[in-house]
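A.B. asks: Pasting a structure here, questions to come.
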2 protein chains.
Amino acid sequence: MKHVKTRPAGRKTPPSGTCCQTVHEDQVLRVREDLPPEEILYDLADFFKALGDMTRVKILESLRRGELCVCDLAAILGASASAVSHQLKILRLSNFVKVRKAGKSAYYRLSDSHVSDILERGLDHVQEDL
Amino acid sequence: MKHVKTRPAGRKTPPSGTCCQTVHEDQVLRVREDLPPEEILYDLADFFKALGDMTRVKILESLRRGELCVCDLAAILGASASAVSHQLKILRLSNFVKVRKAGKSAYYRLSDSHVSDILERGLDHVQEDL
DNA sequence: TCCATATATGAACATATGTTCATATATGGA
DNA sequence: TCCATATATGAACATATGTTCATATATGGA
């Protein structure tokens, strides 16, 4: 995951005839005006995308319980230190986590309580439907 | 996006020597016990993944402002009705939106206020860092 | 200075994902 | 019954993404 302003997949050809005819013009215009600016929406999608991976979710949920070094995380996830390190880099660049280096180890922690809140909220949502 | 319990990308070979030696056993065990069950974490990642795409974010943000048909959405996004329909299917299967069919049109709306809340929360987070 | 260990990172590659295009399906009207 | 329009959906394909492997870098100890 490059995680630096990605472009969508799909083909390269530009969107052809966009759509149909029965468009409710008033509503379309209203929503178009009311929608947050393109860039904000881009950041929003990127924000959620960073949370949308099993490994990263596990890392974040682990860090909610306290500071941990790469080794610990690898052990907890049952993953290679390399895989964890790659994902930590993404989380670092997205400002989800911070590092503290001590000796040969690197201790990671959540950046702020905001992240923890969103995870909590997501967990509630996911669990309530069951 | 298949969005039905996906498996990670990566190679097929099983994870080799997982990690290092300086593991803080106590913490690792504690976190391991405290972590939500695997399946819940899977759902959580999937939940965020569904929100992690520009087109879907635009659709959801549009629907926060009221019910809209596929045509309207295509017009608002400047995308093809087909692309929108494909993404709406994903959102439907993930229970983010509901449909109401009337005549030849299909009117979509957010499933519940929960979704709207999460989007709001995400927006706050994304905007505050600027 | 030489080693071992903890992390970080680039390349390769198997998969996952999103859009376009071609069709199928459904509905209302003539 | 025949058509046009709105959606839905499968296949193809260009990209994006995550893991493994091979190395590079940093640090502490002998």
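Residue numbers start at 1 in each chain; chains themselves are named A, B, ... in the order of the structure tokens; ligands are numbered from 1 in the order shown.
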Please, which residues of chain D lie no more than 6 Å from chain A when the count uses only C-alpha atoms (C1' of nucleotides), and can they be set out as a PyMOL selection string?

C.D. replies: chain D and resi 14-15+17+27

A.B. asks: Counting only C-alpha atoms, what are the residues of chain A within 8 Å of chain B, and for each of them which pair of atoms is the nearest and at what distance in Å, to one decimal? Sort the table by chain and rising number, as CSV.

C.D. replies:
residue,atom,partner,partner_atom,distance
A:Pro15,CA,B:Ser80,CA,6.4
A:Ser16,CA,B:Ser80,CA,7.2
A:Gly17,CA,B:Ser80,CA,7.0
A:Thr18,CA,B:Ser80,CA,4.4
A:Cys19,CA,B:Ala81,CA,5.4
A:Cys20,CA,B:Cys71,CA,5.7
A:Gln21,CA,B:Cys71,CA,7.5
A:Thr22,CA,B:Cys71,CA,6.9
A:Val23,CA,B:Asp72,CA,5.3
A:His24,CA,B:Asp72,CA,6.4
A:Glu25,CA,B:Asp72,CA,7.9
A:Gln27,CA,B:Asp72,CA,7.8
A:Val28,CA,B:Ile76,CA,5.9
A:Leu29,CA,B:Ile76,CA,7.8
A:Val31,CA,B:Ser62,CA,6.2
A:Arg32,CA,B:Ile76,CA,6.0
A:Leu35,CA,B:Ser62,CA,6.9
A:Ile40,CA,B:Gln127,CA,7.2
A:Leu41,CA,B:Met54,CA,6.9
A:Tyr42,CA,B:Met54,CA,6.0
A:Asp43,CA,B:Val126,CA,6.5
A:Leu44,CA,B:Val126,CA,6.2
A:Ala45,CA,B:Gly52,CA,4.5
A:Asp46,CA,B:Gly52,CA,6.0
A:Phe47,CA,B:Gly52,CA,7.1
A:Phe48,CA,B:Gly52,CA,4.6
A:Lys49,CA,B:Gly52,CA,3.9
A:Ala50,CA,B:Gly52,CA,7.6
A:Leu51,CA,B:Phe48,CA,5.7
A:Gly52,CA,B:Lys49,CA,3.9
A:Asp53,CA,B:Ala45,CA,5.0
A:Met54,CA,B:Ala45,CA,5.3
A:Val57,CA,B:Ala45,CA,6.1
A:Lys58,CA,B:Leu41,CA,7.0
A:Glu61,CA,B:Leu35,CA,7.0
A:Ser62,CA,B:Val31,CA,6.2
A:Arg65,CA,B:Val31,CA,6.7
A:Cys71,CA,B:Cys20,CA,5.8
A:Asp72,CA,B:Val23,CA,5.3
A:Leu73,CA,B:Val28,CA,7.7
A:Ala74,CA,B:Cys19,CA,6.1
A:Ala75,CA,B:Cys19,CA,6.6
A:Ile76,CA,B:Val28,CA,5.9
A:Gly78,CA,B:Thr18,CA,6.4
A:Ala79,CA,B:Thr18,CA,5.6
A:Ser80,CA,B:Thr18,CA,4.4
A:Ala81,CA,B:Cys19,CA,5.4
A:His114,CA,B:His125,CA,7.4
A:Ile118,CA,B:Arg121,CA,7.5
A:Arg121,CA,B:Ile118,CA,7.5
A:Gly122,CA,B:Leu44,CA,6.5
A:Leu123,CA,B:Leu44,CA,6.2
A:His125,CA,B:His114,CA,7.4
A:Val126,CA,B:Leu44,CA,6.2
A:Gln127,CA,B:Ile40,CA,7.2

A.B. asks: As number ranges by chain, please: all residues of chain B that backbone DSSP puts in alpha helix (DSSP H).

C.D. replies: B: 25-34, 38-51, 54-63, 70-77, 81-93, 113-128

A.B. asks: Put those residues in a file: C-alpha atoms, as a PDB file, in the first residue's frame.

C.D. replies:
ATOM      1  CA  GLU B  25       6.453 -12.385  27.246  1.00  0.00           C
ATOM      2  CA  ASP B  26       4.188 -11.012  29.918  1.00  0.00           C
ATOM      3  CA  GLN B  27       2.903  -8.194  27.735  1.00  0.00           C
ATOM      4  CA  VAL B  28       2.525 -10.431  24.721  1.00  0.00           C
ATOM      5  CA  LEU B  29       0.440 -12.902  26.668  1.00  0.00           C
ATOM      6  CA  ARG B  30      -1.634 -10.197  28.276  1.00  0.00           C
ATOM      7  CA  VAL B  31      -2.439  -8.496  24.958  1.00  0.00           C
ATOM      8  CA  ARG B  32      -3.106 -11.800  23.292  1.00  0.00           C
ATOM      9  CA  GLU B  33      -5.748 -12.643  25.857  1.00  0.00           C
ATOM     10  CA  ASP B  34      -7.270  -9.218  25.863  1.00  0.00           C
ATOM     11  CA  GLU B  38     -10.154 -13.155  15.399  1.00  0.00           C
ATOM     12  CA  GLU B  39     -13.506 -13.003  13.664  1.00  0.00           C
ATOM     13  CA  ILE B  40     -14.473  -9.704  15.206  1.00  0.00           C
ATOM     14  CA  LEU B  41     -11.169  -8.205  14.121  1.00  0.00           C
ATOM     15  CA  TYR B  42     -11.809  -9.532  10.657  1.00  0.00           C
ATOM     16  CA  ASP B  43     -15.186  -7.854  10.535  1.00  0.00           C
ATOM     17  CA  LEU B  44     -13.670  -4.670  11.866  1.00  0.00           C
ATOM     18  CA  ALA B  45     -11.047  -4.561   9.125  1.00  0.00           C
ATOM     19  CA  ASP B  46     -13.709  -5.331   6.556  1.00  0.00           C
ATOM     20  CA  PHE B  47     -15.911  -2.606   7.915  1.00  0.00           C
ATOM     21  CA  PHE B  48     -13.220   0.031   7.506  1.00  0.00           C
ATOM     22  CA  LYS B  49     -12.169  -1.381   4.171  1.00  0.00           C
ATOM     23  CA  ALA B  50     -15.629  -0.741   2.804  1.00  0.00           C
ATOM     24  CA  LEU B  51     -15.235   2.910   3.763  1.00  0.00           C
ATOM     25  CA  MET B  54     -13.072   7.479  -2.869  1.00  0.00           C
ATOM     26  CA  THR B  55     -16.155   6.458  -4.836  1.00  0.00           C
ATOM     27  CA  ARG B  56     -17.824   4.817  -1.879  1.00  0.00           C
ATOM     28  CA  VAL B  57     -17.008   7.708   0.416  1.00  0.00           C
ATOM     29  CA  LYS B  58     -18.571  10.103  -2.064  1.00  0.00           C
ATOM     30  CA  ILE B  59     -21.650   7.949  -2.357  1.00  0.00           C
ATOM     31  CA  LEU B  60     -22.071   7.728   1.395  1.00  0.00           C
ATOM     32  CA  GLU B  61     -21.439  11.414   1.945  1.00  0.00           C
ATOM     33  CA  SER B  62     -24.031  12.153  -0.733  1.00  0.00           C
ATOM     34  CA  LEU B  63     -26.580   9.843   0.840  1.00  0.00           C
ATOM     35  CA  VAL B  70     -28.426   5.676  -9.098  1.00  0.00           C
ATOM     36  CA  CYS B  71     -28.713   8.313 -11.811  1.00  0.00           C
ATOM     37  CA  ASP B  72     -28.386  11.140  -9.341  1.00  0.00           C
ATOM     38  CA  LEU B  73     -25.361   9.572  -7.736  1.00  0.00           C
ATOM     39  CA  ALA B  74     -23.702   9.035 -11.086  1.00  0.00           C
ATOM     40  CA  ALA B  75     -24.325  12.666 -11.952  1.00  0.00           C
ATOM     41  CA  ILE B  76     -23.005  13.888  -8.611  1.00  0.00           C
ATOM     42  CA  LEU B  77     -19.874  11.783  -8.794  1.00  0.00           C
ATOM     43  CA  ALA B  81     -24.009   4.412 -13.680  1.00  0.00           C
ATOM     44  CA  SER B  82     -22.311   1.050 -13.942  1.00  0.00           C
ATOM     45  CA  ALA B  83     -19.423   1.987 -11.692  1.00  0.00           C
ATOM     46  CA  VAL B  84     -21.834   3.462  -9.170  1.00  0.00           C
ATOM     47  CA  SER B  85     -24.039   0.402  -9.288  1.00  0.00           C
ATOM     48  CA  HIS B  86     -21.091  -1.889  -8.647  1.00  0.00           C
ATOM     49  CA  GLN B  87     -20.061   0.123  -5.617  1.00  0.00           C
ATOM     50  CA  LEU B  88     -23.629   0.323  -4.364  1.00  0.00           C
ATOM     51  CA  LYS B  89     -23.748  -3.438  -4.426  1.00  0.00           C
ATOM     52  CA  ILE B  90     -20.734  -3.582  -2.139  1.00  0.00           C
ATOM     53  CA  LEU B  91     -22.280  -1.039   0.189  1.00  0.00           C
ATOM     54  CA  ARG B  92     -25.542  -2.981   0.171  1.00  0.00           C
ATOM     55  CA  LEU B  93     -23.815  -6.256   1.029  1.00  0.00           C
ATOM     56  CA  SER B 113     -27.445   6.863  11.706  1.00  0.00           C
ATOM     57  CA  HIS B 114     -24.494   4.820  12.889  1.00  0.00           C
ATOM     58  CA  VAL B 115     -22.912   5.013   9.467  1.00  0.00           C
ATOM     59  CA  SER B 116     -23.459   8.735   9.364  1.00  0.00           C
ATOM     60  CA  ASP B 117     -21.843   9.086  12.770  1.00  0.00           C
ATOM     61  CA  ILE B 118     -18.723   7.240  11.760  1.00  0.00           C
ATOM     62  CA  LEU B 119     -18.342   9.345   8.645  1.00  0.00           C
ATOM     63  CA  GLU B 120     -18.778  12.490  10.698  1.00  0.00           C
ATOM     64  CA  ARG B 121     -16.189  11.275  13.144  1.00  0.00           C
ATOM     65  CA  GLY B 122     -13.765  10.454  10.359  1.00  0.00           C
ATOM     66  CA  LEU B 123     -14.279  13.854   8.787  1.00  0.00           C
ATOM     67  CA  ASP B 124     -13.517  15.572  12.069  1.00  0.00           C
ATOM     68  CA  HIS B 125     -10.322  13.605  12.411  1.00  0.00           C
ATOM     69  CA  VAL B 126      -9.183  14.280   8.862  1.00  0.00           C
ATOM     70  CA  GLN B 127      -9.933  17.975   9.024  1.00  0.00           C
ATOM     71  CA  GLU B 128      -8.445  18.691  12.416  1.00  0.00           C
TER      72      GLU B 128
END

A.B. asks: Please return the superposed copy of chain A as a compact mmCIF listing (two decimals) with C-alpha atoms, in the first residue's frame; the fit should be least squares onto chain B across all sequentially paired Cα atoms.

C.D. replies:
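Written output follows (selection-v3.txt):
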# COMPACT_ATOMS: atom_id res chain seq x y z
CA MET A 1 -13.80 -5.86 -4.17
CA LYS A 2 -15.29 -9.20 -3.32
CA HIS A 3 -15.93 -8.14 0.22
CA VAL A 4 -16.72 -11.57 1.45
CA LYS A 5 -14.05 -12.57 3.92
CA THR A 6 -10.99 -11.85 1.84
CA ARG A 7 -7.60 -13.41 2.37
CA PRO A 8 -4.54 -11.22 2.39
CA ALA A 9 -2.44 -10.79 -0.74
CA GLY A 10 1.22 -11.71 -0.33
CA ARG A 11 2.94 -14.95 -1.23
CA LYS A 12 1.66 -18.36 -0.41
CA THR A 13 4.60 -19.69 1.59
CA PRO A 14 3.78 -19.91 5.28
CA PRO A 15 5.35 -17.36 7.64
CA SER A 16 8.86 -18.55 8.38
CA GLY A 17 10.68 -17.82 11.63
CA THR A 18 8.23 -15.36 13.03
CA CYS A 19 10.44 -13.07 15.02
CA CYS A 20 13.20 -12.06 17.33
CA GLN A 21 14.14 -13.04 20.84
CA THR A 22 13.68 -10.00 22.99
CA VAL A 23 10.01 -10.55 23.38
CA HIS A 24 8.35 -9.16 26.46
CA GLU A 25 6.51 -12.37 27.25
CA ASP A 26 4.23 -10.97 29.91
CA GLN A 27 2.95 -8.18 27.71
CA VAL A 28 2.57 -10.41 24.70
CA LEU A 29 0.49 -12.89 26.66
CA ARG A 30 -1.60 -10.19 28.25
CA VAL A 31 -2.41 -8.50 24.95
CA ARG A 32 -3.06 -11.82 23.27
CA GLU A 33 -5.70 -12.65 25.85
CA ASP A 34 -7.23 -9.23 25.85
CA LEU A 35 -7.55 -8.91 22.07
CA PRO A 36 -11.04 -9.36 20.58
CA PRO A 37 -11.61 -12.70 18.85
CA GLU A 38 -10.13 -13.19 15.41
CA GLU A 39 -13.49 -13.04 13.68
CA ILE A 40 -14.47 -9.74 15.22
CA LEU A 41 -11.17 -8.24 14.13
CA TYR A 42 -11.82 -9.57 10.67
CA ASP A 43 -15.19 -7.89 10.54
CA LEU A 44 -13.67 -4.71 11.87
CA ALA A 45 -11.06 -4.60 9.13
CA ASP A 46 -13.73 -5.38 6.55
CA PHE A 47 -15.92 -2.65 7.92
CA PHE A 48 -13.24 0.00 7.51
CA LYS A 49 -12.20 -1.42 4.17
CA ALA A 50 -15.67 -0.77 2.81
CA LEU A 51 -15.25 2.89 3.77
CA GLY A 52 -11.78 3.10 2.28
CA ASP A 53 -12.54 4.07 -1.28
CA MET A 54 -13.08 7.45 -2.87
CA THR A 55 -16.17 6.44 -4.84
CA ARG A 56 -17.84 4.80 -1.88
CA VAL A 57 -17.02 7.69 0.42
CA LYS A 58 -18.57 10.09 -2.06
CA ILE A 59 -21.67 7.94 -2.36
CA LEU A 60 -22.07 7.72 1.39
CA GLU A 61 -21.43 11.41 1.94
CA SER A 62 -24.04 12.16 -0.73
CA LEU A 63 -26.59 9.85 0.84
CA ARG A 64 -26.04 11.54 4.19
CA ARG A 65 -27.81 14.45 2.56
CA GLY A 66 -30.84 12.43 1.53
CA GLU A 67 -32.16 9.61 -0.59
CA LEU A 68 -30.83 9.51 -4.14
CA CYS A 69 -31.28 7.29 -7.18
CA VAL A 70 -28.41 5.71 -9.10
CA CYS A 71 -28.70 8.35 -11.80
CA ASP A 72 -28.37 11.17 -9.34
CA LEU A 73 -25.35 9.58 -7.73
CA ALA A 74 -23.69 9.04 -11.09
CA ALA A 75 -24.30 12.69 -11.95
CA ILE A 76 -22.99 13.90 -8.60
CA LEU A 77 -19.84 11.79 -8.79
CA GLY A 78 -19.31 12.30 -12.49
CA ALA A 79 -19.04 8.53 -12.80
CA SER A 80 -20.78 5.95 -14.96
CA ALA A 81 -24.01 4.43 -13.69
CA SER A 82 -22.32 1.06 -13.96
CA ALA A 83 -19.43 1.99 -11.71
CA VAL A 84 -21.83 3.46 -9.18
CA SER A 85 -24.04 0.41 -9.31
CA HIS A 86 -21.11 -1.89 -8.65
CA GLN A 87 -20.08 0.11 -5.62
CA LEU A 88 -23.65 0.32 -4.38
CA LYS A 89 -23.78 -3.44 -4.44
CA ILE A 90 -20.77 -3.60 -2.16
CA LEU A 91 -22.31 -1.05 0.17
CA ARG A 92 -25.57 -2.98 0.15
CA LEU A 93 -23.87 -6.26 1.02
CA SER A 94 -21.97 -4.52 3.80
CA ASN A 95 -25.24 -3.14 5.13
CA PHE A 96 -24.24 0.47 4.71
CA VAL A 97 -27.17 1.35 2.46
CA LYS A 98 -30.72 0.25 1.74
CA VAL A 99 -32.69 0.45 -1.49
CA ARG A 100 -36.22 1.40 -2.36
CA LYS A 101 -37.41 0.59 -5.85
CA ALA A 102 -39.92 2.89 -7.48
CA GLY A 103 -40.74 2.58 -11.14
CA LYS A 104 -37.59 2.15 -13.11
CA SER A 105 -35.48 3.83 -10.47
CA ALA A 106 -33.72 2.55 -7.37
CA TYR A 107 -33.49 4.97 -4.52
CA TYR A 108 -30.67 4.46 -2.05
CA ARG A 109 -30.32 5.72 1.49
CA LEU A 110 -28.01 5.10 4.46
CA SER A 111 -28.96 2.07 6.56
CA ASP A 112 -28.82 3.84 9.89
CA SER A 113 -27.45 6.84 11.71
CA HIS A 114 -24.50 4.80 12.90
CA VAL A 115 -22.93 5.00 9.47
CA SER A 116 -23.46 8.71 9.36
CA ASP A 117 -21.85 9.06 12.78
CA ILE A 118 -18.73 7.20 11.77
CA LEU A 119 -18.35 9.31 8.66
CA GLU A 120 -18.78 12.45 10.71
CA ARG A 121 -16.17 11.24 13.16
CA GLY A 122 -13.77 10.42 10.36
CA LEU A 123 -14.28 13.81 8.80
CA ASP A 124 -13.51 15.53 12.08
CA HIS A 125 -10.32 13.56 12.42
CA VAL A 126 -9.18 14.24 8.88
CA GLN A 127 -9.93 17.95 9.03
CA GLU A 128 -8.43 18.66 12.42
CA ASP A 129 -4.90 17.78 11.34
CA LEU A 130 -4.88 20.68 8.90

A.B. asks: Write out as a list in words all residues of chain B that DSSP puts in strand (DSSP E or B) for this structure's backbone.

C.D. replies: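 The strand (DSSP E or B) subset of chain B is Leu68, Cys69, Val97, Lys98, Val99, Arg100, Lys101, Ala102, Ser105, Ala106, Tyr107, Tyr108, Arg109 and Leu110 of chain B.
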
A.B. asks: Write out as a PyMOL selection string which residues come within 12 Å of C:DT1 when counting only C-alpha atoms (C1' of nucleotides), dropping same-chain ones fewer than 2 positions away.

C.D. replies: (chain C and resi 3) or (chain D and resi 29-30)

A.B. asks: How about saving the chosen residues, N, CA and C atoms (P, O5', C5', C4', C3', O3' and C1' of nucleotides) kept, as a PDB file, in the first residue's frame?

C.D. replies:
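As written to disk, result-v6.pdb reads:
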ATOM      1  P    DC C   3      33.582 -11.367  12.809  1.00  0.00           P
ATOM      2  O5'  DC C   3      32.421 -11.759  13.822  1.00  0.00           O
ATOM      3  C5'  DC C   3      32.183 -10.951  14.956  1.00  0.00           C
ATOM      4  C4'  DC C   3      31.116 -11.563  15.816  1.00  0.00           C
ATOM      5  C3'  DC C   3      29.951 -12.144  15.015  1.00  0.00           C
ATOM      6  O3'  DC C   3      29.314 -13.167  15.774  1.00  0.00           O
ATOM      7  C1'  DC C   3      29.299 -10.094  16.067  1.00  0.00           C
TER       8       DC C   3
ATOM      9  P    DG D  29      25.173  -3.359  26.519  1.00  0.00           P
ATOM     10  O5'  DG D  29      26.100  -4.563  26.051  1.00  0.00           O
ATOM     11  C5'  DG D  29      25.477  -5.693  25.432  1.00  0.00           C
ATOM     12  C4'  DG D  29      26.507  -6.760  25.145  1.00  0.00           C
ATOM     13  C3'  DG D  29      27.654  -6.775  26.154  1.00  0.00           C
ATOM     14  O3'  DG D  29      28.101  -8.121  26.318  1.00  0.00           O
ATOM     15  C1'  DG D  29      28.511  -6.255  24.008  1.00  0.00           C
ATOM     16  P    DA D  30      29.235  -8.385  27.425  1.00  0.00           P
ATOM     17  O5'  DA D  30      30.402  -9.023  26.536  1.00  0.00           O
ATOM     18  C5'  DA D  30      30.066 -10.075  25.652  1.00  0.00           C
ATOM     19  C4'  DA D  30      31.257 -10.485  24.796  1.00  0.00           C
ATOM     20  C3'  DA D  30      32.570 -10.608  25.583  1.00  0.00           C
ATOM     21  O3'  DA D  30      33.349 -11.663  25.013  1.00  0.00           O
ATOM     22  C1'  DA D  30      32.812  -8.911  23.945  1.00  0.00           C
TER      23       DA D  30
END

A.B. asks: Report, in Å with one decimal, the straight-line distance from atom C1' of C:DA26 to atom C1' of D:DA6.

C.D. replies: 8.8 Å

A.B. asks: What is the atom C1' of D:DG10-atom C1' of C:DT23 distance in Å, reported with one decimal?

C.D. replies: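 Atom-to-atom, atom C1' of D:DG10 and atom C1' of C:DT23 are spaced 8.9 Å apart.
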